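Participant: Here you go, this is coords-v2.txt (compact mmCIF, C-alpha atoms).
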# COMPACT_ATOMS: atom_id res chain seq x y z
CA MET A 9 15.70 11.60 -30.23
CA GLY A 10 18.49 10.69 -27.84
CA ILE A 11 18.64 7.23 -26.36
CA LEU A 12 20.13 5.71 -23.23
CA LYS A 13 21.32 2.15 -22.71
CA PHE A 14 21.50 0.29 -19.40
CA LYS A 15 22.93 -3.11 -18.51
CA ALA A 16 22.70 -4.31 -14.93
CA THR A 17 23.71 -7.55 -13.21
CA GLN A 18 20.15 -8.65 -13.91
CA LEU A 19 17.14 -6.99 -15.53
CA PHE A 20 13.61 -7.43 -14.22
CA ASP A 21 11.04 -6.31 -16.78
CA GLY A 22 7.95 -6.54 -14.55
CA TYR A 23 7.39 -10.21 -15.34
CA ARG A 24 10.68 -12.10 -15.08
CA LEU A 25 14.37 -11.80 -14.30
CA LEU A 26 16.59 -11.61 -17.38
CA ASP A 27 20.33 -12.05 -17.79
CA ASN A 28 22.68 -10.43 -20.29
CA LYS A 29 20.10 -7.92 -21.53
CA VAL A 30 20.28 -4.19 -22.24
CA LEU A 31 17.39 -1.81 -21.65
CA ILE A 32 17.08 0.99 -24.19
CA THR A 33 15.12 4.13 -23.32
CA GLN A 34 14.62 7.63 -24.60
CA ASN A 35 16.35 10.40 -22.65
CA ASP A 36 13.23 10.97 -20.54
CA GLY A 37 12.96 7.29 -19.57
CA THR A 38 10.33 6.24 -22.09
CA ILE A 39 10.94 2.57 -22.86
CA GLU A 40 12.13 1.66 -26.35
CA SER A 41 13.22 -1.98 -26.16
CA ILE A 42 15.15 -4.75 -24.43
CA VAL A 43 17.89 -6.34 -26.51
CA ASP A 44 20.62 -8.93 -26.09
CA ALA A 45 23.82 -7.40 -24.75
CA GLN A 46 25.80 -8.37 -27.85
CA GLU A 47 23.35 -6.43 -30.01
CA ALA A 48 23.31 -3.23 -27.95
CA GLY A 49 26.32 -1.52 -29.50
CA GLU A 50 28.34 1.11 -27.68
CA SER A 51 27.72 3.59 -24.85
CA VAL A 52 26.02 1.10 -22.56
CA ARG A 53 25.88 2.18 -18.91
CA GLU A 54 26.91 -0.71 -16.64
CA LEU A 55 25.12 -1.05 -13.28
CA ASN A 56 25.57 -3.41 -10.32
CA GLY A 57 22.29 -4.80 -9.05
CA ILE A 58 18.84 -5.56 -10.42
CA LEU A 59 17.44 -2.93 -12.77
CA LEU A 60 13.66 -2.87 -12.53
CA PRO A 61 10.68 -0.56 -13.11
CA GLY A 62 9.80 2.06 -10.52
CA LEU A 63 8.55 0.42 -7.32
CA ILE A 64 4.91 0.62 -6.25
CA ASN A 65 4.07 1.26 -2.59
CA CYS A 66 0.41 0.29 -2.23
CA HIS A 67 0.06 1.11 1.46
CA CYS A 68 1.61 4.05 3.25
CA HIS A 69 0.56 6.68 5.81
CA LEU A 70 2.69 9.65 4.74
CA GLU A 71 0.91 11.96 7.18
CA LEU A 72 2.31 9.94 10.14
CA SER A 73 5.95 10.51 9.15
CA HIS A 74 6.50 12.67 12.25
CA LEU A 75 6.02 9.53 14.39
CA LYS A 76 9.34 8.04 13.31
CA ASP A 77 11.02 6.50 16.39
CA VAL A 78 8.17 7.73 18.64
CA ILE A 79 6.44 4.38 19.18
CA ALA A 80 8.75 1.56 20.28
CA PRO A 81 8.88 -1.70 18.28
CA HIS A 82 7.09 -4.85 19.43
CA THR A 83 4.38 -3.17 21.49
CA GLY A 84 1.67 -5.39 20.01
CA LEU A 85 -1.05 -4.12 17.71
CA ILE A 86 -3.61 -2.98 20.28
CA GLU A 87 -1.09 -0.95 22.30
CA PHE A 88 0.34 0.40 19.05
CA LEU A 89 -3.08 1.66 17.91
CA CYS A 90 -3.72 3.25 21.28
CA SER A 91 -0.39 5.05 20.98
CA VAL A 92 -1.11 6.33 17.46
CA VAL A 93 -4.51 7.82 18.33
CA THR A 94 -3.11 9.54 21.43
CA LYS A 95 0.02 10.96 19.73
CA ARG A 96 -1.47 13.28 17.12
CA ASN A 97 -0.83 16.68 18.74
CA PHE A 98 2.43 17.67 17.07
CA PRO A 99 3.26 21.13 15.68
CA ILE A 100 2.03 21.45 12.11
CA GLU A 101 5.46 22.75 11.06
CA LEU A 102 7.08 19.52 12.26
CA ILE A 103 4.42 17.40 10.58
CA GLN A 104 4.99 19.18 7.25
CA GLU A 105 8.77 18.92 7.56
CA LYS A 106 8.63 15.17 8.15
CA ILE A 107 6.12 14.65 5.32
CA THR A 108 8.47 16.49 2.95
CA LEU A 109 11.48 14.40 4.00
CA ALA A 110 9.55 11.14 3.67
CA GLU A 111 8.31 12.03 0.18
CA GLN A 112 11.86 12.87 -0.89
CA GLU A 113 13.11 9.59 0.55
CA MET A 114 10.55 7.53 -1.37
CA TYR A 115 11.25 9.35 -4.62
CA ALA A 116 15.03 8.89 -4.27
CA ASN A 117 14.46 5.20 -3.53
CA GLY A 118 12.75 4.77 -6.89
CA ILE A 119 9.14 4.53 -5.74
CA ALA A 120 6.95 5.54 -8.67
CA ALA A 121 3.45 5.38 -7.16
CA VAL A 122 1.94 5.28 -3.69
CA GLY A 123 -1.44 4.28 -2.33
CA ASP A 124 -1.42 6.65 0.61
CA ILE A 125 -3.73 6.60 3.62
CA GLY A 126 -4.72 9.91 5.22
CA ASN A 127 -7.29 10.95 7.80
CA THR A 128 -6.48 14.56 6.96
CA ALA A 129 -5.32 16.56 3.94
CA ASP A 130 -1.98 17.37 5.64
CA THR A 131 -0.03 15.78 2.78
CA ALA A 132 -1.79 17.66 -0.03
CA ALA A 133 0.72 20.50 -0.37
CA VAL A 134 3.71 18.17 -0.66
CA LYS A 135 1.92 15.91 -3.13
CA ALA A 136 1.01 18.88 -5.34
CA SER A 137 4.66 19.27 -6.34
CA SER A 138 5.66 15.60 -6.09
CA ARG A 139 6.84 13.54 -9.06
CA ILE A 140 5.30 10.39 -7.57
CA PHE A 141 1.87 9.15 -8.69
CA TRP A 142 -0.49 9.36 -5.69
CA HIS A 143 -3.71 7.55 -4.96
CA ASN A 144 -5.03 9.31 -1.85
CA PHE A 145 -7.04 6.93 0.30
CA VAL A 146 -8.99 9.34 2.51
CA GLU A 147 -9.56 7.07 5.47
CA VAL A 148 -12.88 7.17 7.29
CA LEU A 149 -13.29 6.34 10.98
CA SER A 150 -16.91 6.15 12.13
CA PHE A 151 -17.73 3.84 15.03
CA THR A 152 -21.48 4.40 15.29
CA ASP A 153 -24.41 4.68 12.91
CA ASN A 154 -25.73 7.87 14.48
CA LYS A 155 -22.56 9.74 13.45
CA ALA A 156 -22.22 8.09 10.03
CA SER A 157 -23.59 10.93 7.86
CA GLU A 158 -21.71 13.59 9.82
CA ASN A 159 -18.44 11.65 9.57
CA ILE A 160 -18.81 10.97 5.86
CA LEU A 161 -19.35 14.69 5.23
CA HIS A 162 -16.20 15.50 7.21
CA TYR A 163 -14.04 13.09 5.21
CA GLN A 164 -15.58 14.22 1.93
CA SER A 165 -14.31 17.70 2.80
CA GLN A 166 -10.80 16.24 3.14
CA LEU A 167 -11.27 14.54 -0.23
CA GLU A 168 -12.20 17.87 -1.79
CA GLN A 169 -9.06 19.48 -0.35
CA PHE A 170 -6.95 16.89 -2.18
CA SER A 171 -8.86 17.48 -5.41
CA GLN A 172 -8.29 21.23 -5.20
CA ALA A 173 -4.63 21.04 -4.13
CA LEU A 174 -3.64 18.53 -6.82
CA ALA A 175 -5.75 19.96 -9.64
CA GLY A 176 -2.73 21.57 -11.29
CA SER A 177 -0.31 18.70 -10.71
CA SER A 178 1.60 17.47 -13.75
CA VAL A 179 1.67 13.93 -12.33
CA PRO A 180 -1.40 11.66 -12.26
CA HIS A 181 -3.29 11.42 -9.00
CA ARG A 182 -6.55 9.99 -7.73
CA SER A 183 -8.50 10.11 -4.46
CA SER A 184 -11.19 7.97 -2.87
CA LEU A 185 -12.90 7.50 0.47
CA VAL A 186 -11.95 4.25 2.19
CA PRO A 187 -12.87 2.46 5.42
CA HIS A 188 -10.15 2.25 8.05
CA ALA A 189 -10.78 -1.24 9.41
CA PRO A 190 -13.55 -3.66 10.46
CA TYR A 191 -13.11 -2.43 14.04
CA SER A 192 -13.72 1.25 13.26
CA ILE A 193 -16.60 1.42 10.73
CA SER A 194 -20.28 1.07 11.59
CA PRO A 195 -22.77 -0.76 9.34
CA ALA A 196 -24.40 2.46 8.10
CA THR A 197 -20.96 3.92 7.35
CA PHE A 198 -19.98 0.82 5.39
CA ARG A 199 -23.15 1.11 3.31
CA MET A 200 -22.46 4.79 2.55
CA LEU A 201 -18.89 3.98 1.55
CA ASN A 202 -20.12 1.27 -0.78
CA GLU A 203 -22.37 3.79 -2.51
CA ALA A 204 -19.60 6.39 -2.69
CA THR A 205 -16.91 4.12 -4.16
CA GLN A 206 -18.50 2.35 -7.11
CA GLU A 207 -15.80 1.00 -9.48
CA GLN A 208 -13.10 2.74 -7.41
CA VAL A 209 -9.87 1.49 -5.86
CA ILE A 210 -10.22 1.34 -2.07
CA SER A 211 -8.37 -0.25 0.84
CA ILE A 212 -9.11 -1.62 4.29
CA HIS A 213 -6.86 -2.89 7.07
CA ASN A 214 -7.72 -6.56 7.31
CA GLN A 215 -7.29 -9.27 9.95
CA GLU A 216 -4.18 -7.86 11.61
CA HIS A 217 -4.93 -9.42 15.00
CA PRO A 218 -7.04 -12.33 16.36
CA ALA A 219 -9.07 -9.82 18.41
CA GLU A 220 -10.51 -8.45 15.15
CA ASN A 221 -12.33 -11.73 14.55
CA GLU A 222 -13.29 -12.00 18.23
CA LEU A 223 -15.05 -8.64 17.98
CA TYR A 224 -17.49 -10.02 15.43
CA VAL A 225 -17.73 -13.54 16.83
CA ASN A 226 -18.76 -12.56 20.37
CA GLY A 227 -18.41 -8.78 20.81
CA GLY A 228 -15.40 -9.01 23.13
CA GLY A 229 -11.62 -8.92 22.94
CA ASP A 230 -8.75 -6.50 23.25
CA TYR A 231 -10.16 -3.90 20.85
CA LEU A 232 -12.39 -2.76 23.71
CA LYS A 233 -9.25 -1.06 25.09
CA LEU A 234 -9.08 1.08 21.96
CA PHE A 235 -12.78 1.92 22.11
CA ASN A 236 -12.40 3.14 25.68
CA ILE A 237 -10.15 5.96 24.44
CA PHE A 238 -13.11 7.23 22.41
CA GLY A 239 -15.52 6.84 25.34
CA ILE A 240 -17.13 3.68 23.95
CA THR A 241 -17.63 1.08 26.68
CA GLN A 242 -18.75 -1.89 24.58
CA SER A 243 -18.40 -3.02 21.01
CA PRO A 244 -20.60 -0.88 18.72
CA PHE A 245 -20.54 -3.51 15.97
CA PRO A 246 -23.01 -6.31 15.29
CA VAL A 247 -22.12 -9.77 16.60
CA THR A 248 -22.30 -11.99 13.53
CA GLY A 249 -20.67 -15.14 14.89
CA GLN A 250 -18.31 -14.97 11.90
CA SER A 251 -14.85 -13.63 11.17
CA SER A 252 -14.33 -9.92 10.52
CA LEU A 253 -13.69 -10.51 6.80
CA ARG A 254 -16.90 -12.52 6.36
CA SER A 255 -18.75 -9.87 8.36
CA VAL A 256 -17.65 -6.74 6.45
CA LEU A 257 -16.73 -7.72 2.88
CA PRO A 258 -20.44 -8.26 2.02
CA TYR A 259 -21.02 -4.53 2.52
CA PHE A 260 -19.26 -4.05 -0.84
CA ASP A 261 -20.87 -5.01 -4.13
CA ARG A 262 -20.20 -2.14 -6.56
CA GLY A 263 -17.27 -3.43 -8.59
CA GLN A 264 -14.57 -2.00 -6.34
CA THR A 265 -10.92 -3.02 -6.37
CA ILE A 266 -10.23 -3.66 -2.68
CA LEU A 267 -6.75 -3.72 -1.18
CA LEU A 268 -6.86 -5.96 1.90
CA VAL A 269 -3.92 -4.76 3.98
CA HIS A 270 -1.74 -6.81 6.38
CA ASN A 271 -3.75 -10.09 6.51
CA THR A 272 -1.58 -11.58 9.27
CA CYS A 273 -4.44 -13.78 10.53
CA THR A 274 -6.04 -14.63 7.18
CA THR A 275 -6.58 -18.33 6.47
CA GLN A 276 -6.96 -20.33 3.28
CA GLU A 277 -10.62 -20.95 4.09
CA GLU A 278 -11.20 -17.21 4.47
CA MET A 279 -9.42 -16.50 1.20
CA GLU A 280 -11.45 -19.09 -0.69
CA TRP A 281 -14.69 -17.66 0.67
CA ALA A 282 -13.59 -14.10 -0.20
CA ALA A 283 -12.59 -15.13 -3.74
CA ASP A 284 -16.02 -16.70 -4.31
CA TYR A 285 -17.81 -13.64 -2.98
CA ALA A 286 -15.66 -11.28 -5.05
CA LYS A 287 -16.37 -13.29 -8.21
CA GLN A 288 -20.12 -13.14 -7.57
CA LYS A 289 -20.10 -9.39 -6.99
CA GLY A 290 -17.52 -8.29 -9.54
CA LEU A 291 -14.92 -7.20 -6.98
CA ARG A 292 -11.14 -7.36 -7.43
CA LEU A 293 -9.25 -8.35 -4.27
CA GLN A 294 -5.60 -7.46 -3.77
CA TYR A 295 -3.71 -8.71 -0.71
CA CYS A 296 -1.23 -6.08 0.42
CA LEU A 297 1.77 -7.21 2.48
CA CYS A 298 3.72 -4.85 4.75
CA ILE A 299 6.06 -7.39 6.34
CA ASN A 300 8.38 -4.93 8.07
CA ALA A 301 5.42 -3.24 9.78
CA ASN A 302 4.26 -6.65 11.02
CA LEU A 303 7.75 -7.27 12.36
CA TYR A 304 7.92 -3.79 13.89
CA ILE A 305 4.59 -4.00 15.69
CA GLU A 306 4.29 -7.65 16.70
CA ASN A 307 7.44 -9.38 15.48
CA LYS A 308 5.28 -11.58 13.25
CA VAL A 309 5.11 -12.17 9.52
CA PRO A 310 2.09 -12.44 7.19
CA PRO A 311 1.11 -15.73 5.48
CA ALA A 312 3.00 -14.93 2.29
CA ASN A 313 3.53 -18.59 1.37
CA LEU A 314 -0.21 -19.18 1.55
CA LEU A 315 -0.91 -16.19 -0.68
CA TYR A 316 1.70 -17.36 -3.18
CA GLN A 317 0.54 -20.98 -3.21
CA THR A 318 -3.11 -20.04 -3.71
CA GLY A 319 -2.29 -17.69 -6.57
CA ALA A 320 -3.72 -14.60 -4.85
CA SER A 321 -3.07 -11.16 -6.30
CA VAL A 322 -0.41 -9.72 -3.99
CA VAL A 323 0.99 -6.20 -3.72
CA MET A 324 3.37 -4.56 -1.27
CA GLY A 325 3.45 -1.56 1.05
CA THR A 326 5.59 0.05 3.70
CA ASP A 327 2.91 1.23 6.15
CA SER A 328 4.04 4.36 8.03
CA TYR A 329 7.00 5.68 9.96
CA SER A 330 5.01 5.03 13.12
CA SER A 331 5.35 1.30 12.35
CA ASN A 332 8.47 0.88 10.24
CA TRP A 333 12.16 1.69 10.29
CA GLN A 334 12.08 3.09 6.75
CA LEU A 335 9.68 3.75 3.85
CA SER A 336 11.49 1.40 1.48
CA ILE A 337 9.89 -1.17 -0.80
CA ALA A 338 13.43 -2.50 -1.36
CA SER A 339 13.62 -3.35 2.34
CA GLU A 340 10.20 -5.01 2.13
CA ILE A 341 11.46 -7.11 -0.80
CA LYS A 342 14.54 -8.14 1.18
CA SER A 343 12.47 -9.14 4.23
CA LEU A 344 10.01 -11.19 2.19
CA HIS A 345 12.87 -12.87 0.34
CA GLN A 346 14.60 -13.75 3.62
CA HIS A 347 11.55 -14.99 5.51
CA PHE A 348 10.00 -16.83 2.55
CA PRO A 349 12.91 -18.22 0.50
CA THR A 350 10.67 -20.68 -1.37
CA ILE A 351 8.79 -17.82 -3.06
CA PRO A 352 10.70 -17.07 -6.30
CA LEU A 353 12.43 -13.70 -6.28
CA ASP A 354 10.86 -12.72 -9.59
CA THR A 355 7.42 -13.30 -8.04
CA ILE A 356 8.21 -10.90 -5.19
CA LEU A 357 9.58 -8.35 -7.68
CA HIS A 358 6.39 -8.72 -9.74
CA TRP A 359 4.34 -7.96 -6.61
CA ALA A 360 6.45 -4.84 -6.02
CA THR A 361 6.14 -3.51 -9.57
CA LEU A 362 3.56 -4.57 -12.16
CA GLN A 363 1.05 -6.13 -9.77
CA GLY A 364 1.12 -3.00 -7.62
CA ALA A 365 0.61 -0.83 -10.71
CA ARG A 366 -2.35 -3.01 -11.73
CA ALA A 367 -3.89 -2.73 -8.27
CA LEU A 368 -3.69 1.08 -8.40
CA GLN A 369 -4.84 1.00 -12.05
CA TRP A 370 -1.74 2.70 -13.43
CA ASP A 371 -0.32 -0.31 -15.27
CA ASP A 372 -0.84 1.50 -18.58
CA ARG A 373 2.09 3.75 -17.57
CA LEU A 374 3.95 2.03 -14.73
CA GLY A 375 5.14 -1.35 -13.51
CA SER A 376 6.93 -2.89 -16.50
CA PHE A 377 9.51 -2.23 -19.19
CA GLU A 378 7.22 -2.18 -22.22
CA LYS A 379 7.51 0.08 -25.25
CA ARG A 380 6.11 3.59 -24.76
CA LYS A 381 5.68 3.19 -21.02
CA LYS A 382 7.56 5.55 -18.71
CA PRO A 383 7.70 3.53 -15.47
CA GLY A 384 10.90 4.92 -14.00
CA LEU A 385 14.14 2.97 -13.64
CA THR A 386 15.20 1.73 -10.22
CA LEU A 387 18.37 -0.11 -9.21
CA LEU A 388 17.87 -2.69 -6.45
CA ASP A 389 20.55 -4.12 -4.16
CA ILE A 390 18.73 -7.19 -2.86
CA GLN A 391 21.38 -8.06 -0.28
CA ALA A 392 21.39 -4.60 1.27
CA GLY A 393 17.66 -4.07 0.86
CA THR A 394 18.23 -0.69 -0.74
CA SER A 395 17.25 0.93 -4.01
CA SER A 396 17.97 4.10 -5.92
CA ARG A 397 16.28 5.96 -8.76
CA ILE A 398 18.17 5.93 -12.07
CA ILE A 399 15.52 7.86 -14.02
Represent the structure of the file as structure tokens.
Facilitator:
Amino acid sequence: MGILKFKATQLFDGYRLLDNKVLITQNDGTIESIVDAQEAGESVRELNGILLPGLINCHCHLELSHLKDVIAPHTGLIEFLCSVVTKRNFPIELIQEKITLAEQEMYANGIAAVGDIGNTADTAAVKASSRIFWHNFVEVLSFTDNKASENILHYQSQLEQFSQALAGSSVPHRSSLVPHAPYSISPATFRMLNEATQEQVISIHNQEHPAENELYVNGGGDYLKLFNIFGITQSPFPVTGQSSLRSVLPYFDRGQTILLVHNTCTTQEEMEWAADYAKQKGLRLQYCLCINANLYIENKVPPANLLYQTGASVVMGTDSYSSNWQLSIASEIKSLHQHFPTIPLDTILHWATLQGARALQWDDRLGSFEKRKKPGLTLLDIQAGTSSRII
């Protein structure tokens, strides 16, 4: 068995930053051990930067890669959403080309696993030959109860396409139906999704804009502009007098792991309520931050300090090329580190590696440098916000 030895400026093992350490792996990247530099012997490869496990991107929309540079930054969320839903008629050849390039970019950047949102199965062919672990979140949109069954059947057909296309893949993959957002899923649809996703990992866009809460508090707000595109003249959702999170999280009670994505308007009170509800119902909540997407769309940042201070489980994502300048977890790390300097760097790196792997339930293979794991090796330049795959 051949071995490889790596010594970087610093080593992050998934838990903490280490100095003057050497990582020893088998030739294929399987982890053997971490030793003191003076004990490593000869033939050590020296690297400049932070050597860490393969990065985990818990929220991406690979199928929207053709929208790179199509929607201008800082439009605001409502106008952004209106642009996305009205800019879907691109040639399939272009869509496939951009999906291929984006997958190659993420792999080269050392991303080991992706929680990927898709309304279609357009990404299935590229994923079938990818070396990245994929959890396909087949995203349901269903505004009204009378279309709930029909819509669920449609998205189940997309789910089946992923299962068939990836059946022969040599890399682990998983697929599940997921709700898009509180402003796009009817009560009956939520109930069907709860039944369909018992014990599964799912995601939902959460509290990205104050209008999301307004929709449930009084039935008004800016989301009515989005509904008009679909021919809906008033809110189709029940007025609960409560926030969107309090209104929709109770639809789930089947032991799901739920990635709450964006959370730009989430408060400590909301988080405390959600934690209590999750504990009662056996749910696992993961707060997914996509800071560069927040900056791209609204020039705002999520409440990362609050999440850190309350000890929430946090993971990281890139969102899509419709809402970001790049699909780079390294760039997300840099932005979080710059905007929230009081959060320790090793905490942010933990969110980007082991915590992400735990959220996607692949921490038995990915996320940390532990013996017999094969998590991938990535070299991070924190100042540049770039990363590259070593193995």
Participant: If we count all atoms listed in the file and set the cut-off at 7 Å, which residues sit around Thr197 (chain A), ignoring sequence neighbours fewer than 4 positions away in its own chain? Please answer as a list in words.
Facilitator: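 Listed by chain and then number, they are Ser150, Asp153, Ala156, Ile193 and Leu201 of chain A.
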Participant: CA of Arg53 (chain A) to CA of Lys15 (chain A): how many Å, to one decimal?
Facilitator: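 Separation between CA of Arg53 (chain A) and CA of Lys15 (chain A): 6.1 Å.
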Participant: Using all atoms listed in the file for the distances, tell me which of A:Glu71, A:Glu47, A:Glu147, A:Glu168 is nearest to His188 (chain A).
Facilitator: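 Under the stated criterion, the closest residue is A:Glu147.
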Participant: Work out how far CA of Gln46 (chain A) is from CA of Lys13 (chain A), in Å to one decimal.
Facilitator: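 Computing it gives 12.5 Å between the two atoms.
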Participant: Might you pull out every residue within 12 Å of Gly49 (chain A), with all atoms listed in the file counted and same-chain residues fewer than 5 positions away left off, and present them as a PyMOL selection string?
Facilitator: chain A and resi 12-15+29-32+43-44
Participant: Counting all atoms listed in the file, which residue out of A:Ala133, A:Ile79, A:Leu315, A:Leu59 sits closest to Ile103 (chain A)?
Facilitator: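 That would be A:Ala133, the residue with the smallest distance to Ile103 (chain A).
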Participant: As a PyMOL selection string, please: the residues near Gln391 (chain A) (cut-off 10 Å, only C-alpha atoms, same-chain neighbours under 5 positions excluded).
Facilitator: chain A and resi 57+338-339+341-342+345-346
Participant: Would you put the residues from that selection into a file with C-alpha atoms, as a PDB file, keeping the file's coordinate frame?
Facilitator:
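Once written, selection.pdb looks like this:
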ATOM      1  CA  GLY A  57      22.290  -4.800  -9.050  1.00  0.00           C
ATOM      2  CA  ALA A 338      13.430  -2.500  -1.360  1.00  0.00           C
ATOM      3  CA  SER A 339      13.620  -3.350   2.340  1.00  0.00           C
ATOM      4  CA  ILE A 341      11.460  -7.110  -0.800  1.00  0.00           C
ATOM      5  CA  LYS A 342      14.540  -8.140   1.180  1.00  0.00           C
ATOM      6  CA  HIS A 345      12.870 -12.870   0.340  1.00  0.00           C
ATOM      7  CA  GLN A 346      14.600 -13.750   3.620  1.00  0.00           C
TER       8      GLN A 346
END
